[in-house]
Structures are given as C-alpha cells and as structure tokens.
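Structure file final.cif (mmCIF, C-alpha atoms) is printed below.
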data_work
#
loop_
_atom_site.label_atom_id
_atom_site.label_comp_id
_atom_site.auth_asym_id
_atom_site.auth_seq_id
_atom_site.Cartn_x
_atom_site.Cartn_y
_atom_site.Cartn_z
CA MET A 1 4.89 0.31 31.13
CA PHE A 2 2.15 -1.28 29.05
CA GLU A 3 -1.08 -1.64 30.98
CA PRO A 4 -3.47 -4.58 30.53
CA ASP A 5 -6.09 -3.93 27.88
CA ILE A 6 -9.50 -3.57 29.52
CA ASN A 7 -11.29 -4.33 26.25
CA PRO A 8 -9.14 -6.90 24.47
CA PRO A 9 -10.17 -8.22 21.07
CA PRO A 10 -11.43 -11.80 20.81
CA ALA A 11 -8.61 -14.22 21.49
CA ALA A 12 -6.76 -15.54 18.44
CA PRO A 13 -4.29 -18.09 19.80
CA GLY A 14 -1.22 -18.78 17.77
CA LEU A 15 -0.80 -15.42 16.06
CA PRO A 16 2.91 -15.14 15.21
CA LEU A 17 3.56 -11.75 16.85
CA ALA A 18 1.59 -12.36 20.06
CA GLY A 19 3.47 -10.82 22.97
CA LEU A 20 5.32 -8.28 20.80
CA ARG A 21 4.98 -4.77 22.19
CA VAL A 22 4.93 -1.83 19.80
CA LEU A 23 4.98 1.91 20.48
CA GLU A 24 3.73 3.95 17.56
CA LEU A 25 5.07 7.50 17.52
CA ALA A 26 4.29 7.86 13.81
CA SER A 27 1.34 9.69 12.28
CA VAL A 28 -0.63 9.98 9.02
CA LEU A 29 -0.27 6.79 6.93
CA ALA A 30 3.07 5.03 6.40
CA GLY A 31 3.99 4.41 10.05
CA PRO A 32 0.41 3.73 11.23
CA GLN A 33 -0.03 1.22 8.40
CA VAL A 34 2.91 -0.71 9.85
CA GLY A 35 1.37 -0.49 13.31
CA GLN A 36 -1.93 -1.97 12.12
CA PHE A 37 -0.05 -4.69 10.20
CA LEU A 38 1.76 -5.74 13.38
CA ALA A 39 -1.49 -5.60 15.38
CA GLU A 40 -3.26 -7.88 12.91
CA LEU A 41 -0.48 -10.41 13.47
CA GLY A 42 -0.99 -10.34 17.23
CA ALA A 43 1.25 -7.52 18.48
CA GLU A 44 0.09 -5.18 21.23
CA VAL A 45 0.26 -1.69 19.69
CA LEU A 46 0.05 1.50 21.71
CA LYS A 47 -0.36 4.62 19.59
CA ILE A 48 1.16 7.72 21.18
CA GLU A 49 -0.57 10.89 20.04
CA ALA A 50 0.14 14.55 20.68
CA PRO A 51 -2.61 16.43 22.54
CA ALA A 52 -4.19 17.46 19.22
CA GLY A 53 -4.20 13.86 18.00
CA ASP A 54 -3.07 12.35 14.73
CA VAL A 55 -3.79 14.93 12.03
CA THR A 56 -5.75 12.36 10.01
CA ARG A 57 -8.45 12.50 12.68
CA THR A 58 -9.40 15.83 11.07
CA TRP A 59 -9.27 14.68 7.43
CA ARG A 60 -12.98 14.19 6.72
CA THR A 61 -14.92 13.69 3.52
CA PRO A 62 -18.17 15.69 3.17
CA ALA A 63 -20.17 12.55 3.99
CA GLU A 64 -18.62 12.14 7.46
CA ASP A 65 -19.80 13.33 10.85
CA PRO A 66 -17.95 16.63 11.45
CA ALA A 67 -17.64 15.77 15.14
CA THR A 68 -16.02 12.34 14.80
CA THR A 69 -12.43 11.77 15.82
CA ILE A 70 -12.35 8.48 13.92
CA THR A 71 -12.43 9.59 10.31
CA ALA A 72 -12.42 7.21 7.39
CA TYR A 73 -8.80 8.19 6.68
CA PHE A 74 -7.74 7.59 10.28
CA SER A 75 -9.52 4.24 10.28
CA SER A 76 -7.57 3.11 7.21
CA ALA A 77 -4.43 2.60 9.29
CA ASN A 78 -5.36 2.39 12.96
CA TRP A 79 -7.27 -0.81 13.66
CA GLY A 80 -5.96 -3.03 16.45
CA LYS A 81 -4.45 -0.28 18.59
CA ARG A 82 -4.93 1.47 21.88
CA SER A 83 -4.15 5.18 22.06
CA GLN A 84 -2.57 7.40 24.69
CA ILE A 85 -2.02 11.15 24.68
CA LEU A 86 1.49 12.31 25.55
CA ASP A 87 2.91 15.79 25.20
CA LEU A 88 6.50 14.99 24.33
CA THR A 89 7.47 18.65 24.54
CA THR A 90 7.20 18.30 28.33
CA CYS A 91 9.49 16.53 30.77
CA ALA A 92 6.55 14.55 32.13
CA GLY A 93 5.59 13.32 28.67
CA GLN A 94 9.16 12.32 27.90
CA ALA A 95 9.47 10.49 31.23
CA THR A 96 6.35 8.46 30.47
CA LEU A 97 7.65 7.66 26.99
CA HIS A 98 10.92 6.42 28.46
CA GLN A 99 9.05 4.16 30.89
CA LEU A 100 7.07 2.69 28.02
CA ALA A 101 10.13 2.26 25.81
CA ALA A 102 11.93 0.27 28.50
CA THR A 103 9.52 -2.65 27.96
CA THR A 104 8.86 -2.15 24.25
CA ASP A 105 10.06 -4.34 21.39
CA VAL A 106 9.45 -2.01 18.45
CA VAL A 107 9.11 1.76 18.10
CA LEU A 108 7.61 3.30 14.96
CA ALA A 109 8.58 6.91 14.32
CA SER A 110 8.18 9.40 11.49
CA TYR A 111 9.95 12.53 12.68
CA LYS A 112 11.85 14.94 10.50
CA PRO A 113 15.61 14.49 11.05
CA GLY A 114 16.55 16.20 14.31
CA ASP A 115 13.03 16.41 15.75
CA ALA A 116 13.17 13.09 17.60
CA GLN A 117 16.33 14.22 19.41
CA LYS A 118 14.60 17.41 20.55
CA LEU A 119 11.80 15.31 22.05
CA ARG A 120 14.21 12.74 23.53
CA ALA A 121 12.38 10.14 21.45
CA ASP A 122 15.30 9.18 19.20
CA TYR A 123 16.87 5.76 18.86
CA ALA A 124 20.02 6.55 20.82
CA THR A 125 18.05 7.82 23.83
CA LEU A 126 15.55 4.96 23.89
CA ALA A 127 18.09 2.22 23.08
CA ALA A 128 20.15 3.32 26.07
CA LEU A 129 17.14 2.34 28.18
CA ASN A 130 16.42 -0.84 26.19
CA PRO A 131 19.30 -2.35 24.15
CA ARG A 132 16.93 -4.90 22.55
CA LEU A 133 14.77 -2.13 21.10
CA ILE A 134 14.10 -2.12 17.37
CA TYR A 135 13.41 1.40 16.16
CA GLY A 136 11.84 1.98 12.74
CA HIS A 137 12.23 5.53 11.52
CA ILE A 138 10.57 7.00 8.42
CA THR A 139 11.89 10.20 6.85
CA GLY A 140 11.15 11.98 3.60
CA TYR A 141 14.60 12.06 2.07
CA GLY A 142 16.92 10.26 4.47
CA PRO A 143 18.48 11.08 7.84
CA ALA A 144 20.72 13.84 6.45
CA GLU A 145 17.90 15.85 4.83
CA THR A 146 15.71 17.97 7.09
CA ARG A 147 13.07 18.49 4.42
CA ALA A 148 9.72 16.93 5.32
CA GLY A 149 8.33 14.28 2.99
CA TYR A 150 4.82 14.35 1.55
CA ASP A 151 3.38 11.59 -0.58
CA ALA A 152 2.09 13.77 -3.40
CA VAL A 153 5.40 15.62 -3.64
CA LEU A 154 7.32 12.34 -3.79
CA GLN A 155 4.98 11.00 -6.47
CA ALA A 156 5.97 14.04 -8.52
CA GLU A 157 9.70 13.97 -7.74
CA ALA A 158 10.23 10.22 -8.22
CA GLY A 159 8.71 10.07 -11.70
CA PHE A 160 5.38 8.44 -10.86
CA MET A 161 3.18 11.38 -11.85
CA HIS A 162 5.04 11.78 -15.15
CA LEU A 163 4.51 8.11 -16.00
CA ASN A 164 0.88 8.19 -14.85
CA ALA A 165 -0.18 10.79 -17.44
CA ALA A 166 -2.72 9.75 -20.07
CA GLY A 167 -0.01 9.99 -22.74
CA PRO A 168 2.97 12.03 -23.97
CA GLY A 169 2.31 15.73 -23.56
CA GLN A 170 -0.63 15.11 -21.22
CA ALA A 171 -0.86 16.46 -17.68
CA PRO A 172 0.93 14.39 -15.01
CA GLN A 173 -1.44 12.73 -12.56
CA LYS A 174 -1.13 11.63 -8.95
CA MET A 175 -2.30 8.19 -7.93
CA PRO A 176 -5.62 8.29 -6.02
CA VAL A 177 -4.06 6.67 -2.94
CA ALA A 178 -0.92 7.73 -1.05
CA LEU A 179 1.13 5.24 -3.04
CA ILE A 180 4.57 6.31 -1.80
CA ASP A 181 3.45 6.15 1.83
CA LEU A 182 2.17 2.61 1.27
CA LEU A 183 5.36 1.53 -0.52
CA THR A 184 7.38 2.99 2.37
CA ALA A 185 5.25 1.08 4.87
CA HIS A 186 6.08 -2.14 3.04
CA GLN A 187 9.81 -1.34 3.11
CA LEU A 188 9.66 -0.62 6.85
CA LYS A 189 7.78 -3.86 7.54
CA GLU A 190 10.50 -5.79 5.75
CA GLY A 191 13.23 -3.96 7.65
CA LEU A 192 11.57 -4.53 11.02
CA LEU A 193 10.98 -8.22 10.38
CA THR A 194 14.63 -8.55 9.32
CA ALA A 195 15.70 -6.81 12.54
CA LEU A 196 13.46 -9.07 14.64
CA PHE A 197 15.00 -12.13 13.00
CA ARG A 198 18.49 -10.76 13.70
CA ARG A 199 17.55 -10.04 17.32
CA GLU A 200 16.49 -13.65 17.79
CA ARG A 201 20.04 -14.69 16.84
CA THR A 202 22.06 -11.93 18.47
CA GLY A 203 19.88 -10.45 21.22
CA GLN A 204 20.64 -7.00 19.83
CA GLY A 205 18.21 -4.28 18.84
CA ALA A 206 18.63 -2.13 15.75
CA LEU A 207 17.82 1.15 14.10
CA VAL A 208 15.93 0.63 10.81
CA GLU A 209 15.68 3.73 8.62
CA VAL A 210 13.66 4.15 5.44
CA SER A 211 12.84 7.20 3.37
CA LEU A 212 9.91 7.92 1.12
CA LEU A 213 12.32 8.82 -1.67
CA ASP A 214 14.27 5.55 -1.53
CA SER A 215 11.05 3.55 -1.31
CA ALA A 216 9.67 5.34 -4.36
CA LEU A 217 12.82 4.85 -6.40
CA ALA A 218 13.03 1.16 -5.46
CA SER A 219 9.50 0.74 -6.81
CA LEU A 220 10.15 2.19 -10.27
CA ALA A 221 11.12 -1.37 -11.22
CA ASN A 222 11.03 -1.97 -14.99
CA GLN A 223 10.56 1.74 -15.73
CA ALA A 224 13.83 2.55 -13.98
CA ALA A 225 15.54 -0.41 -15.63
CA THR A 226 14.41 0.83 -19.07
CA PHE A 227 16.29 4.09 -18.53
CA LEU A 228 19.32 2.46 -16.91
CA VAL A 229 19.65 -0.17 -19.65
CA THR A 230 18.71 1.84 -22.75
CA GLY A 231 19.33 5.43 -21.75
CA GLN A 232 15.87 6.24 -23.12
CA GLU A 233 13.41 8.20 -21.01
CA PRO A 234 10.26 6.10 -20.30
CA GLN A 235 7.20 7.87 -21.68
CA PRO A 236 3.69 7.93 -20.23
CA LEU A 237 1.27 5.55 -21.94
CA GLY A 238 -1.82 6.00 -19.83
CA SER A 239 -2.61 2.54 -18.51
CA GLY A 240 -0.72 0.88 -21.36
CA HIS A 241 2.48 -1.13 -20.91
CA PRO A 242 5.78 -0.01 -22.48
CA SER A 243 6.84 -3.48 -23.59
CA ILE A 244 3.65 -5.59 -23.84
CA VAL A 245 0.62 -5.07 -26.12
CA PRO A 246 -2.32 -5.39 -25.57
CA TYR A 247 -1.75 -4.90 -21.85
CA GLY A 248 -3.47 -2.34 -19.62
CA THR A 249 -5.55 -0.38 -22.11
CA VAL A 250 -9.22 -0.03 -21.18
CA TYR A 251 -11.90 -0.87 -23.75
CA THR A 252 -15.64 -0.28 -23.62
CA ALA A 253 -17.87 -3.07 -24.91
CA GLN A 254 -21.31 -2.82 -26.51
CA ASP A 255 -23.07 -3.43 -23.18
CA GLY A 256 -21.12 -0.66 -21.45
CA VAL A 257 -18.75 -3.00 -19.65
CA ARG A 258 -15.29 -1.49 -19.32
CA LEU A 259 -12.58 -4.10 -19.50
CA LEU A 260 -8.83 -4.48 -19.57
CA LEU A 261 -6.64 -7.03 -21.36
CA ALA A 262 -3.29 -8.27 -20.02
CA VAL A 263 -2.12 -10.39 -22.94
CA GLY A 264 1.52 -11.22 -22.27
CA ALA A 265 2.04 -14.19 -24.60
CA ASP A 266 1.61 -14.73 -28.33
CA ARG A 267 -0.54 -17.80 -27.64
CA GLN A 268 -2.91 -15.68 -25.58
CA PHE A 269 -3.12 -13.14 -28.38
CA ARG A 270 -4.09 -15.82 -30.88
CA GLN A 271 -6.83 -17.01 -28.53
CA LEU A 272 -8.06 -13.43 -28.10
CA CYS A 273 -8.31 -13.06 -31.87
CA GLN A 274 -10.30 -16.29 -32.09
CA VAL A 275 -12.74 -15.14 -29.42
CA LEU A 276 -13.17 -11.80 -31.21
CA GLU A 277 -13.72 -13.69 -34.49
CA ARG A 278 -10.76 -11.97 -36.05
CA PRO A 279 -8.23 -14.82 -36.46
CA GLN A 280 -6.54 -12.98 -39.33
CA TRP A 281 -5.11 -10.46 -36.88
CA ALA A 282 -2.88 -13.14 -35.38
CA GLN A 283 -1.50 -13.85 -38.87
CA ASP A 284 -0.85 -10.20 -39.66
CA ALA A 285 2.91 -9.59 -39.72
CA ARG A 286 2.39 -6.46 -37.64
CA PHE A 287 0.83 -8.41 -34.78
CA GLN A 288 2.19 -11.98 -34.82
CA ARG A 289 4.76 -11.47 -32.06
CA ASN A 290 4.74 -9.19 -29.07
CA PRO A 291 7.67 -7.03 -30.32
CA ASP A 292 5.68 -6.47 -33.51
CA ARG A 293 2.57 -5.54 -31.54
CA VAL A 294 4.58 -3.07 -29.44
CA LYS A 295 5.92 -1.46 -32.61
CA HIS A 296 2.43 -1.23 -34.14
CA ARG A 297 0.62 -0.43 -30.88
CA ALA A 298 -1.61 2.33 -32.27
CA ALA A 299 -2.90 0.26 -35.20
CA LEU A 300 -3.72 -2.76 -33.04
CA GLU A 301 -5.34 -0.69 -30.30
CA ALA A 302 -7.60 0.99 -32.85
CA LEU A 303 -8.75 -2.39 -34.19
CA LEU A 304 -9.38 -3.72 -30.68
CA GLN A 305 -11.30 -0.62 -29.62
CA GLN A 306 -13.58 -0.91 -32.64
CA ARG A 307 -14.19 -4.67 -32.37
CA ILE A 308 -14.73 -4.81 -28.62
CA ALA A 309 -17.30 -2.01 -28.94
CA GLU A 310 -19.34 -4.42 -31.10
CA VAL A 311 -19.53 -7.33 -28.63
CA SER A 312 -20.88 -8.09 -25.17
CA GLY A 313 -18.27 -7.33 -22.55
CA ALA A 314 -19.75 -9.80 -20.09
CA ALA A 315 -19.70 -12.60 -22.65
CA LEU A 316 -16.20 -11.68 -23.82
CA LEU A 317 -14.81 -11.75 -20.28
CA ALA A 318 -16.46 -15.09 -19.56
CA GLU A 319 -14.98 -16.68 -22.66
CA LEU A 320 -11.51 -15.21 -22.04
CA GLU A 321 -11.61 -16.55 -18.48
CA ARG A 322 -12.55 -19.99 -19.80
CA LEU A 323 -9.49 -19.91 -22.08
CA ALA A 324 -7.19 -18.47 -19.35
CA VAL A 325 -6.57 -15.29 -21.35
CA PRO A 326 -5.88 -12.56 -18.75
CA ALA A 327 -8.63 -9.95 -18.71
CA GLY A 328 -10.88 -8.25 -16.19
CA ALA A 329 -13.69 -5.77 -15.75
CA VAL A 330 -12.90 -2.27 -14.51
CA ARG A 331 -14.65 -2.10 -11.13
CA THR A 332 -15.41 0.80 -8.85
CA VAL A 333 -14.05 0.71 -5.29
CA ALA A 334 -17.48 -0.34 -4.01
CA GLU A 335 -17.72 -3.12 -6.58
CA ALA A 336 -14.24 -4.35 -5.69
CA LEU A 337 -14.97 -4.44 -1.95
CA MET A 338 -18.37 -6.08 -2.42
CA HIS A 339 -17.00 -8.88 -4.58
CA PRO A 340 -17.19 -12.30 -2.89
CA LEU A 341 -13.43 -12.78 -3.17
CA ALA A 342 -12.84 -9.54 -1.23
CA GLN A 343 -14.81 -10.53 1.88
CA ALA A 344 -11.88 -12.27 3.58
CA MET A 345 -9.95 -8.96 3.46
CA LEU A 346 -12.56 -7.08 5.50
CA LEU A 347 -12.37 -6.59 9.26
CA PRO A 348 -15.77 -6.93 10.94
CA ALA A 349 -17.43 -3.80 12.30
CA ALA A 350 -17.17 -3.26 16.04
CA PRO A 351 -20.51 -3.24 17.90
CA ILE A 352 -19.25 -0.39 20.10
CA GLY A 353 -16.96 2.44 19.07
CA PHE A 354 -16.77 2.09 15.29
CA PRO A 355 -19.71 0.31 13.63
CA HIS A 356 -18.08 0.09 10.22
CA PRO A 357 -15.97 -2.65 8.62
CA GLY A 358 -12.29 -2.12 8.02
CA LEU A 359 -9.71 -3.28 5.51
CA ARG A 360 -6.97 -5.68 6.54
CA THR A 361 -3.34 -4.73 5.90
CA VAL A 362 -2.16 -8.36 6.12
CA ALA A 363 -2.85 -9.98 2.76
CA PHE A 364 -0.77 -13.16 3.15
CA ARG A 365 -1.93 -16.37 4.74
CA SER A 366 -0.12 -19.33 6.29
CA SER A 367 -1.20 -22.77 7.44
CA ALA A 368 1.10 -22.26 10.47
CA TRP A 369 -1.03 -19.58 12.16
CA PRO A 370 -4.63 -18.30 12.06
CA VAL A 371 -6.00 -15.08 10.65
CA ALA A 372 -7.15 -12.67 13.34
CA ALA A 373 -10.94 -12.91 13.28
CA SER A 374 -11.19 -9.38 14.61
CA VAL A 375 -8.99 -6.71 16.17
CA LEU A 376 -9.68 -3.63 18.27
CA PRO A 377 -11.55 -0.92 16.35
CA PRO A 378 -9.72 2.35 15.61
CA PRO A 379 -9.47 4.25 18.91
CA ALA A 380 -11.29 7.47 19.59
CA LEU A 381 -9.07 10.37 20.66
CA PRO A 382 -8.53 9.87 24.39
CA PRO A 383 -8.73 12.82 26.77
CA GLY A 384 -5.52 14.78 27.04
#
Starting from the file, give its structure as structure tokens.
Amino acid sequence: MFEPDINPPPAAPGLPLAGLRVLELASVLAGPQVGQFLAELGAEVLKIEAPAGDVTRTWRTPAEDPATTITAYFSSANWGKRSQILDLTTCAGQATLHQLAATTDVVLASYKPGDAQKLRADYATLAALNPRLIYGHITGYGPAETRAGYDAVLQAEAGFMHLNAAGPGQAPQKMPVALIDLLTAHQLKEGLLTALFRRERTGQGALVEVSLLDSALASLANQAATFLVTGQEPQPLGSGHPSIVPYGTVYTAQDGVRLLLAVGADRQFRQLCQVLERPQWAQDARFQRNPDRVKHRAALEALLQQRIAEVSGAALLAELERLAVPAGAVRTVAEALMHPLAQAMLLPAAPIGFPHPGLRTVAFRSSAWPVAASVLPPPALPPG
C-alpha cells in the first residue's frame, strides 16, 4: 500500500492527475519519462527498483561525481517520484508488489516478453488483484518477440540513421538523444490517457502495449508516405527537406552566426530574396516556385551559401523575423536552455538532495489547471 510521503513537494491544488497512483516498474528512459510526466501532472509515482537500482544511475559523464546515484541521465526522467527497492525474484518482493498493485491506478513496465510473468508482475496477475488497473507495457518489438529493444538499434532498423546521414553515400548517424525511447514514451502516454478516459466510462482497467519498433515506424511520417505513395526510397539530405527548399540547410554568415531557413511558401522566398538584395532570384525560372527550387536544389543552395556568408547573420535573422520569414540561429544546448523563452520549462533545483534544475516533460499548458511549481527531486538510491 502507498505510504504517506514524508517530504511532499509544495502543494499545487488543482493538478489534473492528483490522487492518481502510479507504480513504475520500468527502467532507463521510455517508461520513466512517462512516470515523470504523470508526476508533473499531480500523480503520486512510486518507482520500484531492483537492488542494484535503475541502470541509468551508473551512466555518468566524466564531469559527474563518480559516487553519485543521481546521475544526469537518471535525473532526465525521474523527477517527482519516490523510490523503493524490491527484489522481485523473491517471494517477499512479489508479495509487496502485489500489495502495492492492489491500490494502484497505473503500472508502467518495460520487461522483455515473458519476463514479467516470471516475476509475477504481469498484467494478468496484477489485474486479478485490481480489475481497475491500467498496465502500460513497453517492449522492443511487440509481445510476441523476445528480443530486447535498444534505442540505437531501433534508430538503425527503422530507417532513422539512414535518413540522418549528411547525404547520399555518407555514413548513417544516430540522433544525439534516445529518440525512439522518447517517441515510445509519447505513444504510451497517449495510450494510458485513453485507457483512463475509458475507465471513467466503464470502470474497467486495461492492458496498453507499445513497442519501440511500432513507435519508430509511426514517426517516419512524410518519409514513410513518400515510399508508400511513390515507391521511391527516401534519400538522406543532411538537414535538408525532401520536398521544400530552402528548408533545414545550415548557413554560416559573415559574423560567424550559423542559421537555418525554413521557407515553405513562395511568398516567403520572395521576401528572403529582397532581404538578401537578390530580388532577381525570385524571378529566375529555376526558383520561382517550390517544385522548381526542389528540382534545382544544388544551384540555389550554392547561391544562398555564398550570399549569406557576405552578410551579418544577426541582422539577417532580425529582418527575417520582422517579415515573418521562418529562420533561426543554430544554438548549443546551453544556449537553448538559457534562452528567456526556455525558463518556464525548467524545474527549480531542490535545496536538499539534488541542487540542480531539471527539465519538464509536460510542455502543454491549460487555463483549467496550474503548472506544478516544483516536484520532488530525483530520488537517491534507497537502501536495499
């Protein structure tokens, strides 16, 4: 049974998931991201860890304290939770889990198919104790495939690394975040919220299953549609766009500013040409319409690279913003997080336990409920 929190976060009345009880049996990133998301919306989240703890507690960068059990990676998905050690390979650990599950609303799990049954932590076992239970289960390749799923492997297998290469014939590249894990977390959130809505109407719990593979494939979006509609294999274009030009390519201006254009309309292209003092480009038959620009991508990109290298990037961006032509500077992670518009997405550092700010997982806002001013800091590994 859930015990009262002896160090609750500051009260945030009116959070939409207040009173919801969540047991997190998941580890690494996808499942824990969902747990933090629910905690930020008011849910009470208890993270169940094996005696060794979540493996991300050991994933340290060289700049981190080698003795800490709250690594930067662990902190990226574990704000707002309490933690409890349970050895689910023992009868005592399983008995405690079953007691907790009897009063739980949502379970988050990320076991390989078959492993949850061995630990008596599967949906059928827990739902027999609590028919209203909603059980979210993440697998790599679906419930029939015992193969474990790893983000980098799925980025390779689902086409993302191929498309992320600098160009045709260039080496495939992985995204610098666990993109497939994060996409899977979003799919599971949607499934759980759907199940909660259904439970309000029927009183019945549900098993919600999502795989990394399905989440990755669902997110191929226009790249998948290009193949399905045309039969042509989408080719890597670096940061360029397959059907819009200029869109995504990075340019370096005279002052060293790196910037990106996202010109999706012919009107915007004409304005860009005016700002660059090259109005004749917009009259060139090769560039007048977007299909023409896509066809003559290389020629236009060469002209833009040369011209933008002659002007101030800061001044160019300011003028494009004034004209509502989509463009932006290429920022580092630190620059992005220090920007004034990013401050609302930061969780305040905790005076005790974890004196560093965090990053919110809830990016939407509503006038119907508040934003949690703060949540519990990521928990240290409790004694076994």
Sorted by chain and rising residue number, which residues of range 93-191 of chain A lie within 8 Å of range 34-40 of chain A, and what are their closest atom pairs and distances in Å to one decimal, counting all atoms listed in the file, as a tab-separated table?
residue	atom	partner	partner_atom	distance
A:Leu108	CA	A:Gly35	CA	7.5
A:Ala185	CA	A:Val34	CA	5.8
A:His186	CA	A:Val34	CA	7.6
A:Leu188	CA	A:Val34	CA	7.4
A:Lys189	CA	A:Val34	CA	6.2
Checklist entry - Which one is closest to Asp105 in chain A: A:Thr332, A:Asn130, A:Thr194, A:Gln235? Count all atoms listed in the file. => result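 Smallest distance to Asp105 in chain A is found for A:Asn130.
The interatomic distance for the pair CA of Gly14 in chain A and CA of Gly80 in chain A works out to 16.5 Å.
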Next on the checklist: Between CA of Pro236 in chain A and CA of Asp151 in chain A, what distance in Å does the model show, to one decimal?
Outcome noted: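 One can read the CA of Pro236 in chain A to CA of Asp151 in chain A distance as 20.0 Å.
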Item to check | Shell of 10 Å around Gly114 in chain A, only C-alpha atoms, local chain residues under 3 positions omitted, as a PyMOL selection string | outcome: chain A and resi 111+117-119+122+143-146
Selection from above, C-alpha atoms, as an mmCIF file, in the coordinates of the input, can you write it?
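Ended up saving to selection.cif:
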data_model
loop_
_atom_site.group_PDB
_atom_site.id
_atom_site.type_symbol
_atom_site.label_atom_id
_atom_site.label_comp_id
_atom_site.auth_asym_id
_atom_site.auth_seq_id
_atom_site.Cartn_x
_atom_site.Cartn_y
_atom_site.Cartn_z
ATOM 1 C CA TYR A 111 9.950 12.530 12.680
ATOM 2 C CA GLN A 117 16.330 14.220 19.410
ATOM 3 C CA LYS A 118 14.600 17.410 20.550
ATOM 4 C CA LEU A 119 11.800 15.310 22.050
ATOM 5 C CA ASP A 122 15.300 9.180 19.200
ATOM 6 C CA PRO A 143 18.480 11.080 7.840
ATOM 7 C CA ALA A 144 20.720 13.840 6.450
ATOM 8 C CA GLU A 145 17.900 15.850 4.830
ATOM 9 C CA THR A 146 15.710 17.970 7.090
#
Next on the checklist: Under the rule that all atoms listed in the file are counted, which of A:Thr104, A:Asn290, A:Gln343, A:Ser215 is the nearest residue to Gln155 in chain A?
Outcome noted: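 Answer, going by the shortest atom-to-atom distance: A:Ser215.
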Next on the checklist: What would the selection look like, as a ChimeraX atom specification, if the PyMOL selection byres ((chain A and resi 31) around 9) were run on the coordinates I just shared?
Outcome noted: /A:24-30,32-36,77,108-110,136-138,181,184-185,188
Next on the checklist: Which residues, named as in the file, does the PyMOL selection byres ((chain A and resi 85-95) around 12) pick out? Answer as a PyMOL selection string.
Outcome noted: chain A and resi 1+24-25+46-54+82-84+96-102+115-122+125-126+129+379-384
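Among the candidates A:His339, A:His162, A:Arg331, A:Arg365, the residue lying nearest to Leu259 in chain A is A:Arg331 (atoms considered: only C-alpha atoms).
Put simply, the PyMOL selection byres ((chain A and resi 306) around 12) in this file takes in A:Tyr251, A:Thr252, A:Ala253, A:Gln254, A:Leu276, A:Arg278, A:Ala299, A:Leu300, A:Glu301, A:Ala302, A:Leu303, A:Leu304, A:Gln305, A:Arg307, A:Ile308, A:Ala309, A:Glu310, A:Val311.
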Edge lengths and centre, in Å to one decimal, as JSON: that's what I need for the box along x, y and z that holds all listed atoms of range 203-217 of chain A plus 3 Å on each side.
{"center_x": 15.2, "center_y": -0.8, "center_z": 7.4, "size_x": 17.0, "size_y": 25.3, "size_z": 33.6}
Next on the checklist: To one decimal place in Å, what is the distance between CA of Glu190 in chain A and CA of Phe74 in chain A?
Outcome noted: 23.1 Å
Item to check | Exercise: range 261-272 of chain A partners within 8 Å, all atoms listed in the file, chain neighbours under 5 positions left out, as a ChimeraX atom specification | outcome: /A:244-250,279,282,288-290,320,323,325-328
Item to check | Proximity to Val275 in chain A - best of A:Ser75, A:Gln170, A:Ser312, A:Ser243, only C-alpha atoms | outcome: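 Closest candidate: A:Ser312.
Take the candidates A:Val333, A:Ala158, A:Ala128, A:Leu193 and check each one against Ala216 in chain A using all atoms listed in the file; the shortest distance goes to A:Ala158.
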